[in-house]
Structures are given as C-alpha cells and as structure tokens.
Amino acid sequence: MNQYLATLTYTPCKTLADLIAFNDANTGSEGGIPNTFPAFKSGQDGFLLAESLQGDMNSTYYAALEYVTYTSGPMGIDAILNPTINGETIALDGYLVPADDSGPGFQLAARVGYPIVSVPIGIDVYGMPFGLCIGGTAWSEPKLVTLASAMEDAIQGRALPKYYERNAKNVPMPYGYQPGQGLPVAIDYTRLW
C-alpha cells in the first residue's frame with residue numbers, strides 16, 4: 001500500500017500513516033474517529049489494523065487468502081454462474097446485484113479479481129444516481145461490456161443525477177442519532193472539524 005501511495009502525485013498522503021492522520025484531522029468529513037460520521041461507524045479500524053501489521057504476510061495471512069479466494073471464486077461466483085438444475089449444469093453469462101458499494105456482489109468480485117460493471121439506471125428521490133451491476137467470472141469482461149451496453153440501450157433516456165448542495169458542509173452526528181434526541185456529552189465535538 002505504501003509503495004502505491006508513494007507514486008501518487010495529486011495528494012500529500014504518501015503512506016498509510018499519512019492517510020490515517022488525514023482522516024483523524026478531517027473526521028467530520030472522512031470519519032476517521034469512531035462514531036463521528038454515520039457512513040464510517042467504526043472509523044478507520046481497517047486502516048489501523050493494516051498499519052499495525054506493517055505488511056507482515058505470515059502463514060495466517062496466506063491461509064486466509066486461500067480461503068477467501070476459494071470461497072469467493074470457485075465456491076462463490078463460479079458456482080452462482082454454473083448452477084446445476086435437475087442434473088443439468090447451466091452456464092450463465094453474469095449475475096445482477098444492486099450498485100451498492102457495500103453489497104456482496106462487489107465484495108465477492110473484489111476478493112478474487114473478477115470483473116463487475118456498474119450500469120446507471122436512474123435517480124432516487126434525493127436526486128442521487130443508482131444502478132445495477134453485472135458481474136462475471138474471470139476474463140469475462142467482453143461479455144459484461146456487451147451486457148452493460150444492451151442494458152443502457154434498453155433503458156434509453158435515463159434522468160441525469162442532480163447534486164443538491166454538493167458543496168455543503170454537513171455537520172456530523174453520532175451514529176443512530178434521531179432528531180429531537182439530546183446529543184451525548186461523551187463525544188468530543190472539537191475533533192469533528
């Protein structure tokens with residue numbers, strides 16, 4: 001990670017430690033500190049754990065990598081795309097999942113490096129775009145691009161997203177906060193900005 005970050009020219013963050021410090025300093029928008037930003041309830045615990053390991057790839061790492069690769073590839077996406085029904089195996093071209101970055105479709109594909117393409121299909125009541133993703137097995141990019149293109153052709157005339165107050169500075173609230181509730185005094189609000 002540090003080798004990759006060191007090559008970036010558009011950011012002062014050149015290491016994982018730099019990213020962690022940036023997120024802490026800007027927790028109001030980046031959510032570095034737990035429970036200060038609803039989208040990142042646990043803060044940056046993944047970054048902190050990765051930094052503490054210092055790139056140590058021991059036997060536990062390799063066992064976990066093998067398990068995740070097997071359960072996400074051959075026993076995950078490949079199994080989904082080749083179901084056996086009444087004794088006959090059917091080869092499917094792809095699978096559909098919502099275009100939600102926290103969805104299992106993205107996660108499975110990312111774990112094994114399989115392709116997945118997002119197709120915008122409309123906007124929600126807040127004017128934000130949403131879509132569907134088509135995922136496939138290894139080396140299925142040409143088929144996925146063909147399917148995605150066909151979907152876009154079928155949708156024709158989708159509405160473009162509207163970004164209301166896109167530059168607004170939203171005041172972060174504790175995770176689970178409901179309007180009308182008192183704010184907990186245990187949170188250090190001085191660290192939010």
# chains A, B, ... in the order shown; residues from 1 in each chain; ligands from 1
>>> select_by_dssp(residues="stretch 8-161 of chain A", states="strand (DSSP E)", output="list in words")
Thr84, Ile85, Glu88, Thr89, Tyr95, Leu96, Val97, Pro98, Ile116, Val117, Ser118, Val119, Pro120, Ile121, Gly122, Ile123, Pro129, Phe130, Gly131, Leu132, Cys133, Ile134 and Gly135 of chain A
>>> closest_residue(among="A:Thr146, A:Asn2, A:Thr137, A:Thr11", to="A:Pro74", atoms="only C-alpha atoms")
A:Thr137
>>> atom_distance(atom1="atom CA of A:Gly43", atom2="atom CA of A:Asn26")
11.7 Å
>>> residues_around(residues="A:Leu92", least_positions_apart="4", cutoff="10 Å", atoms="only C-alpha atoms", output="PyMOL selection string")
chain A and resi 78+80-83+136-137
>>> select_by_dssp(residues="stretch 18-152 of chain A", states="helix (DSSP H, G or I)", output="number ranges by chain")
A: 18-25, 27-30, 38-40, 45-53, 59-81, 104-112, 141-152
>>> closest_residue(among="A:Ser149, A:Gln107, A:Asn86, A:Ser72", to="A:Pro120", atoms="only C-alpha atoms")
A:Ser149
>>> residues_around(residues="A:Gly94", least_positions_apart="5", cutoff="12 Å", atoms="only C-alpha atoms", output="compact mmCIF listing (two decimals) with N, CA and C atoms, in the first residue's frame")
# COMPACT_ATOMS: atom_id res chain seq x y z
N ILE A 77 -18.70 -17.00 -6.93
CA ILE A 77 -19.18 -16.51 -8.22
C ILE A 77 -19.27 -17.62 -9.27
N ASP A 78 -18.24 -18.46 -9.35
CA ASP A 78 -18.27 -19.54 -10.35
C ASP A 78 -19.43 -20.50 -10.10
N ALA A 79 -19.74 -20.76 -8.84
CA ALA A 79 -20.87 -21.63 -8.51
C ALA A 79 -22.20 -20.95 -8.85
N ILE A 80 -22.28 -19.65 -8.62
CA ILE A 80 -23.51 -18.90 -8.95
C ILE A 80 -23.76 -18.94 -10.46
N LEU A 81 -22.69 -18.81 -11.24
CA LEU A 81 -22.84 -18.72 -12.69
C LEU A 81 -22.95 -20.07 -13.38
N ASN A 82 -22.79 -21.16 -12.63
CA ASN A 82 -22.89 -22.50 -13.22
C ASN A 82 -23.76 -23.41 -12.34
N PRO A 83 -25.02 -23.05 -12.15
CA PRO A 83 -25.88 -23.85 -11.29
C PRO A 83 -26.27 -25.18 -11.95
N GLY A 105 -22.04 -8.40 -3.96
CA GLY A 105 -21.61 -8.57 -5.34
C GLY A 105 -20.27 -7.92 -5.60
N ALA A 109 -16.51 -10.07 -6.02
CA ALA A 109 -15.71 -9.81 -7.21
C ALA A 109 -14.34 -9.25 -6.84
N TYR A 114 -12.38 -10.65 -10.02
CA TYR A 114 -13.29 -10.87 -11.13
C TYR A 114 -13.91 -9.54 -11.55
N PRO A 115 -14.29 -9.42 -12.81
CA PRO A 115 -14.85 -8.15 -13.28
C PRO A 115 -16.29 -7.94 -12.84
N ILE A 116 -16.64 -6.68 -12.68
CA ILE A 116 -18.01 -6.28 -12.38
C ILE A 116 -18.19 -4.89 -12.96
N VAL A 117 -19.32 -4.64 -13.62
CA VAL A 117 -19.55 -3.34 -14.26
C VAL A 117 -20.85 -2.76 -13.72
N CYS A 133 -25.39 -3.70 -11.12
CA CYS A 133 -24.08 -4.20 -11.52
C CYS A 133 -24.25 -5.58 -12.14
N ILE A 134 -23.43 -5.82 -13.15
CA ILE A 134 -23.37 -7.14 -13.76
C ILE A 134 -21.98 -7.68 -13.47
N GLY A 135 -21.93 -8.82 -12.82
CA GLY A 135 -20.65 -9.44 -12.50
C GLY A 135 -20.46 -10.71 -13.29
N GLY A 136 -19.22 -11.11 -13.44
CA GLY A 136 -18.92 -12.32 -14.17
C GLY A 136 -17.71 -13.05 -13.60
N THR A 137 -17.33 -14.11 -14.28
CA THR A 137 -16.19 -14.91 -13.85
C THR A 137 -14.91 -14.31 -14.44
N ALA A 138 -13.79 -14.94 -14.17
CA ALA A 138 -12.51 -14.44 -14.67
C ALA A 138 -12.53 -14.31 -16.19
N TRP A 139 -11.97 -13.23 -16.69
CA TRP A 139 -11.79 -12.95 -18.11
C TRP A 139 -13.11 -12.81 -18.88
N SER A 140 -14.18 -12.41 -18.20
CA SER A 140 -15.47 -12.26 -18.88
C SER A 140 -15.80 -10.81 -19.22
N GLU A 141 -14.81 -9.94 -19.21
CA GLU A 141 -15.04 -8.52 -19.49
C GLU A 141 -15.76 -8.27 -20.81
N PRO A 142 -15.37 -8.91 -21.92
CA PRO A 142 -16.08 -8.62 -23.19
C PRO A 142 -17.59 -8.91 -23.09
N LYS A 143 -17.94 -10.00 -22.46
CA LYS A 143 -19.36 -10.35 -22.32
C LYS A 143 -20.07 -9.34 -21.41
N LEU A 144 -19.42 -8.91 -20.32
CA LEU A 144 -20.04 -7.95 -19.40
C LEU A 144 -20.25 -6.60 -20.06
N VAL A 145 -19.29 -6.16 -20.87
CA VAL A 145 -19.43 -4.88 -21.58
C VAL A 145 -20.60 -4.97 -22.56
N THR A 146 -20.74 -6.10 -23.25
CA THR A 146 -21.86 -6.30 -24.18
C THR A 146 -23.18 -6.26 -23.42
N LEU A 147 -23.27 -6.93 -22.28
CA LEU A 147 -24.50 -6.93 -21.49
C LEU A 147 -24.81 -5.53 -20.95
N ALA A 148 -23.79 -4.84 -20.45
CA ALA A 148 -24.00 -3.49 -19.92
C ALA A 148 -24.48 -2.54 -21.02
>>> atom_distance(atom1="atom CA of A:Ile121", atom2="atom CA of A:Asp153")
10.7 Å
>>> residues_around(residues="A:Val68", least_positions_apart="4", cutoff="8 Å", atoms="only C-alpha atoms", output="ChimeraX atom specification")
/A:64,72,111-112
>>> atom_distance(atom1="atom CA of A:Gly32", atom2="atom CA of A:Gln44")
5.3 Å
>>> residues_around(residues="A:Leu5", least_positions_apart="5", cutoff="9 Å", atoms="only C-alpha atoms", output="MDAnalysis selection string")
chainID A and resid 11 13:16
>>> decode(residues="stretch 87-106 of chain A", atoms="N, CA and C atoms", output="compact mmCIF listing (two decimals), in the first residue's frame")
# COMPACT_ATOMS: atom_id res chain seq x y z
N GLY A 87 -29.99 -31.99 -12.47
CA GLY A 87 -28.87 -32.75 -13.01
C GLY A 87 -28.17 -32.11 -14.20
N GLU A 88 -28.65 -30.97 -14.67
CA GLU A 88 -28.03 -30.31 -15.81
C GLU A 88 -27.38 -29.00 -15.36
N THR A 89 -26.10 -28.81 -15.71
CA THR A 89 -25.39 -27.58 -15.38
C THR A 89 -25.67 -26.54 -16.44
N ILE A 90 -26.05 -25.37 -15.99
CA ILE A 90 -26.37 -24.27 -16.88
C ILE A 90 -25.29 -23.20 -16.73
N ALA A 91 -24.72 -22.76 -17.83
CA ALA A 91 -23.69 -21.71 -17.80
C ALA A 91 -24.36 -20.35 -18.03
N LEU A 92 -24.33 -19.49 -17.01
CA LEU A 92 -24.89 -18.15 -17.12
C LEU A 92 -23.80 -17.16 -17.50
N ASP A 93 -24.18 -16.08 -18.19
CA ASP A 93 -23.21 -15.08 -18.63
C ASP A 93 -22.82 -14.12 -17.51
N GLY A 94 -23.70 -13.87 -16.55
CA GLY A 94 -23.41 -12.91 -15.50
C GLY A 94 -24.46 -12.97 -14.42
N TYR A 95 -24.24 -12.20 -13.38
CA TYR A 95 -25.21 -12.08 -12.29
C TYR A 95 -25.48 -10.61 -12.02
N LEU A 96 -26.68 -10.29 -11.58
CA LEU A 96 -27.09 -8.91 -11.29
C LEU A 96 -27.11 -8.67 -9.79
N VAL A 97 -26.58 -7.53 -9.38
CA VAL A 97 -26.66 -7.09 -7.99
C VAL A 97 -26.89 -5.59 -8.00
N PRO A 98 -27.46 -5.04 -6.92
CA PRO A 98 -27.60 -3.58 -6.85
C PRO A 98 -26.21 -2.92 -6.86
N ALA A 99 -26.15 -1.73 -7.45
CA ALA A 99 -24.89 -0.98 -7.47
C ALA A 99 -24.72 -0.29 -6.12
N ASP A 100 -24.42 -1.06 -5.13
CA ASP A 100 -24.26 -0.57 -3.76
C ASP A 100 -22.87 -0.99 -3.31
N ASP A 101 -22.00 -0.02 -3.00
CA ASP A 101 -20.61 -0.35 -2.72
C ASP A 101 -20.41 -1.21 -1.47
N SER A 102 -21.45 -1.40 -0.69
CA SER A 102 -21.31 -2.29 0.46
C SER A 102 -21.93 -3.65 0.20
N GLY A 103 -22.41 -3.88 -1.02
CA GLY A 103 -23.09 -5.12 -1.35
C GLY A 103 -22.15 -6.29 -1.58
N PRO A 104 -22.64 -7.49 -1.38
CA PRO A 104 -21.80 -8.68 -1.54
C PRO A 104 -21.33 -8.90 -2.97
N GLY A 105 -22.04 -8.40 -3.96
CA GLY A 105 -21.61 -8.57 -5.34
C GLY A 105 -20.27 -7.92 -5.60
N PHE A 106 -20.10 -6.70 -5.11
CA PHE A 106 -18.82 -6.01 -5.24
C PHE A 106 -17.74 -6.73 -4.45
